[in-house]
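The next block holds one structure in the form of structure tokens; read it before the comments.
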Amino acid sequence: MILTIFILSRISLIMNRKYTGKYHDVDQNDIPFSVQFSMNVVFDSKMIFKGKVWEEVFSKKTDKFLSVKGFIDEDHISFIKQYPCFFSSDINGELIIDCSKPGHEVIYDGYWNEEKGIWEGEWEVEGETNLLGTDDVISDIYTGDFEMKMD
């Protein structure tokens, strides 16, 4: 009987949530565009979550989900989206997808906007890394903004 009560109390601490949103970026010609996404996550009792992301461009083209993990701490949210395989675009804006190569991570960090009723913040991804001389490493960092709400 005690074991049953413990299991039931642990189950009640898990929450499933769905978020929809979009992130903003610019193409090779500095023309802004946005990409829609939906995120299904499971929270534990410490507001740490993990789940899957369906992204308008990548997922429609590959039929694959991205993985996501992160946390919420009061009005702050932070999460990392992981592409399951290599995803980029060339200088002409054509998509490059190579599932024989690993995908990259995108780091999101934001805050709750009470007035709008949404999460909003910035995303960041590391681009190409090059060696400059013998001691210095230079990495391209790309950033943009995002917003999302709970469905």
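Just remember, in the structure tokens the first chain shown is A, the second B, etc., residues are 1-based per chain, and ligands are 1-based in the order shown.
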
>> Just list as a PyMOL selection string whatever in region 3-149 of chain A DSSP marks as helix (DSSP H, G or I).
In response: chain A and resi 3-11+56-62

Limited to C-alpha atoms, could you put the picked residues into a file as a PDB file, in the first residue's frame?
ATOM      1  CA  LEU A   3       4.523   1.689  -2.506  1.00  0.00           C
ATOM      2  CA  THR A   4       1.330   2.433  -4.442  1.00  0.00           C
ATOM      3  CA  ILE A   5       0.905   5.822  -2.771  1.00  0.00           C
ATOM      4  CA  PHE A   6       4.528   6.734  -3.535  1.00  0.00           C
ATOM      5  CA  ILE A   7       4.123   5.873  -7.229  1.00  0.00           C
ATOM      6  CA  LEU A   8       0.904   7.880  -7.526  1.00  0.00           C
ATOM      7  CA  SER A   9       2.488  10.924  -5.898  1.00  0.00           C
ATOM      8  CA  ARG A  10       5.458  10.748  -8.315  1.00  0.00           C
ATOM      9  CA  ILE A  11       3.129  10.608 -11.342  1.00  0.00           C
ATOM     10  CA  GLU A  56       8.385  24.262 -40.093  1.00  0.00           C
ATOM     11  CA  VAL A  57      11.351  24.095 -42.479  1.00  0.00           C
ATOM     12  CA  PHE A  58      13.530  21.221 -41.236  1.00  0.00           C
ATOM     13  CA  SER A  59      10.797  18.827 -40.085  1.00  0.00           C
ATOM     14  CA  LYS A  60       8.633  19.319 -43.181  1.00  0.00           C
ATOM     15  CA  LYS A  61      11.622  18.530 -45.395  1.00  0.00           C
ATOM     16  CA  THR A  62      12.932  15.528 -43.406  1.00  0.00           C
TER      17      THR A  62
END

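By only C-alpha atoms, and with residues fewer than 5 positions from region 117-122 of chain A along its chain excluded, the set lying at most 8 Å from it is Ile77, Tyr108, Asp109, Gly110, Tyr111, Trp112, Thr143, Gly144, Asp145, Phe146, Glu147, Met148, Lys149 and Met150 of chain A.
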
Export of the given selection (N, CA and C atoms) as a compact mmCIF listing (two decimals), in the first residue's frame:
# COMPACT_ATOMS: atom_id res chain seq x y z
N ILE A 77 13.28 31.24 -18.92
CA ILE A 77 13.29 29.95 -19.61
C ILE A 77 14.60 29.83 -20.38
N TYR A 108 18.53 28.69 -26.59
CA TYR A 108 17.48 29.70 -26.42
C TYR A 108 17.48 30.18 -24.98
N ASP A 109 17.29 31.48 -24.79
CA ASP A 109 17.22 32.04 -23.45
C ASP A 109 16.22 33.19 -23.48
N GLY A 110 15.24 33.14 -22.58
CA GLY A 110 14.22 34.17 -22.62
C GLY A 110 13.51 34.37 -21.30
N TYR A 111 12.53 35.28 -21.34
CA TYR A 111 11.77 35.65 -20.15
C TYR A 111 10.29 35.74 -20.46
N TRP A 112 9.48 35.57 -19.44
CA TRP A 112 8.03 35.66 -19.56
C TRP A 112 7.63 37.12 -19.69
N THR A 143 22.75 34.97 -34.09
CA THR A 143 21.70 35.19 -33.08
C THR A 143 20.43 35.70 -33.74
N GLY A 144 19.36 35.59 -33.01
CA GLY A 144 18.07 36.12 -33.43
C GLY A 144 17.13 36.11 -32.25
N ASP A 145 15.88 36.43 -32.48
CA ASP A 145 14.93 36.41 -31.38
C ASP A 145 13.85 35.35 -31.61
N PHE A 146 13.13 35.05 -30.53
CA PHE A 146 12.05 34.07 -30.60
C PHE A 146 10.92 34.50 -29.69
N GLU A 147 9.77 33.90 -29.94
CA GLU A 147 8.62 34.05 -29.04
C GLU A 147 7.82 32.76 -29.10
N MET A 148 7.16 32.43 -27.98
CA MET A 148 6.32 31.24 -27.96
C MET A 148 5.30 31.36 -26.83
N LYS A 149 4.24 30.57 -26.98
CA LYS A 149 3.19 30.55 -25.96
C LYS A 149 2.76 29.12 -25.72
N MET A 150 2.18 28.89 -24.55
CA MET A 150 1.68 27.56 -24.23
C MET A 150 0.29 27.40 -24.85

>> Just checking: using only C-alpha atoms, which residue out of A:Tyr142, A:Gly93, A:Phe71, A:Ile48 ends up closest to Val106 (chain A)?
In response: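 Among the listed residues, A:Tyr142 lies closest to Val106 (chain A).
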
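Closest to Phe65 (chain A) among A:Gly103, A:Pro32, A:Gly127, A:Gly21 is A:Gly103, based on only C-alpha atoms.
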
> Quick one: DSSP strand (DSSP E) residues in chain A, as a PyMOL selection string?
Replying inline: chain A and resi 15-26+32-43+48-55+66-73+76-82+86-89+95-98+105-113+118-132+136-150

>> At a cut-off of 9 Å, using only C-alpha atoms, what residues contact Phe49 (chain A)? Leave out same-chain residues fewer than 2 positions from it and give the result as an MDAnalysis selection string.
In response: chainID A and resid 41:44 46:47 51 68:72 79

>> Using Å and a single decimal, report how far CA of Leu95 (chain A) sits from CA of Lys52 (chain A).
In response: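 Atom-to-atom, CA of Lys52 (chain A) to CA of Leu95 (chain A), that is 21.7 Å.
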
> From the set A:Lys81, A:Lys18, A:Lys50, A:Lys101, which residue has the shortest atom-to-atom contact distance to Trp123 (chain A), counting only C-alpha atoms?
Replying inline: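 Closest to Trp123 (chain A) of all the choices is A:Lys81.
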
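Minimum atom-to-atom distance to Glu114 (chain A), evaluated using only C-alpha atoms, belongs to A:Asp75 out of A:Asp136, A:Glu126, A:Asp75, A:Ser88.
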
> Mind pulling up the distance from CA of Asn16 (chain A) to CA of Glu74 (chain A)?
Replying inline: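 CA of Asn16 (chain A) lies 17.5 Å from CA of Glu74 (chain A).
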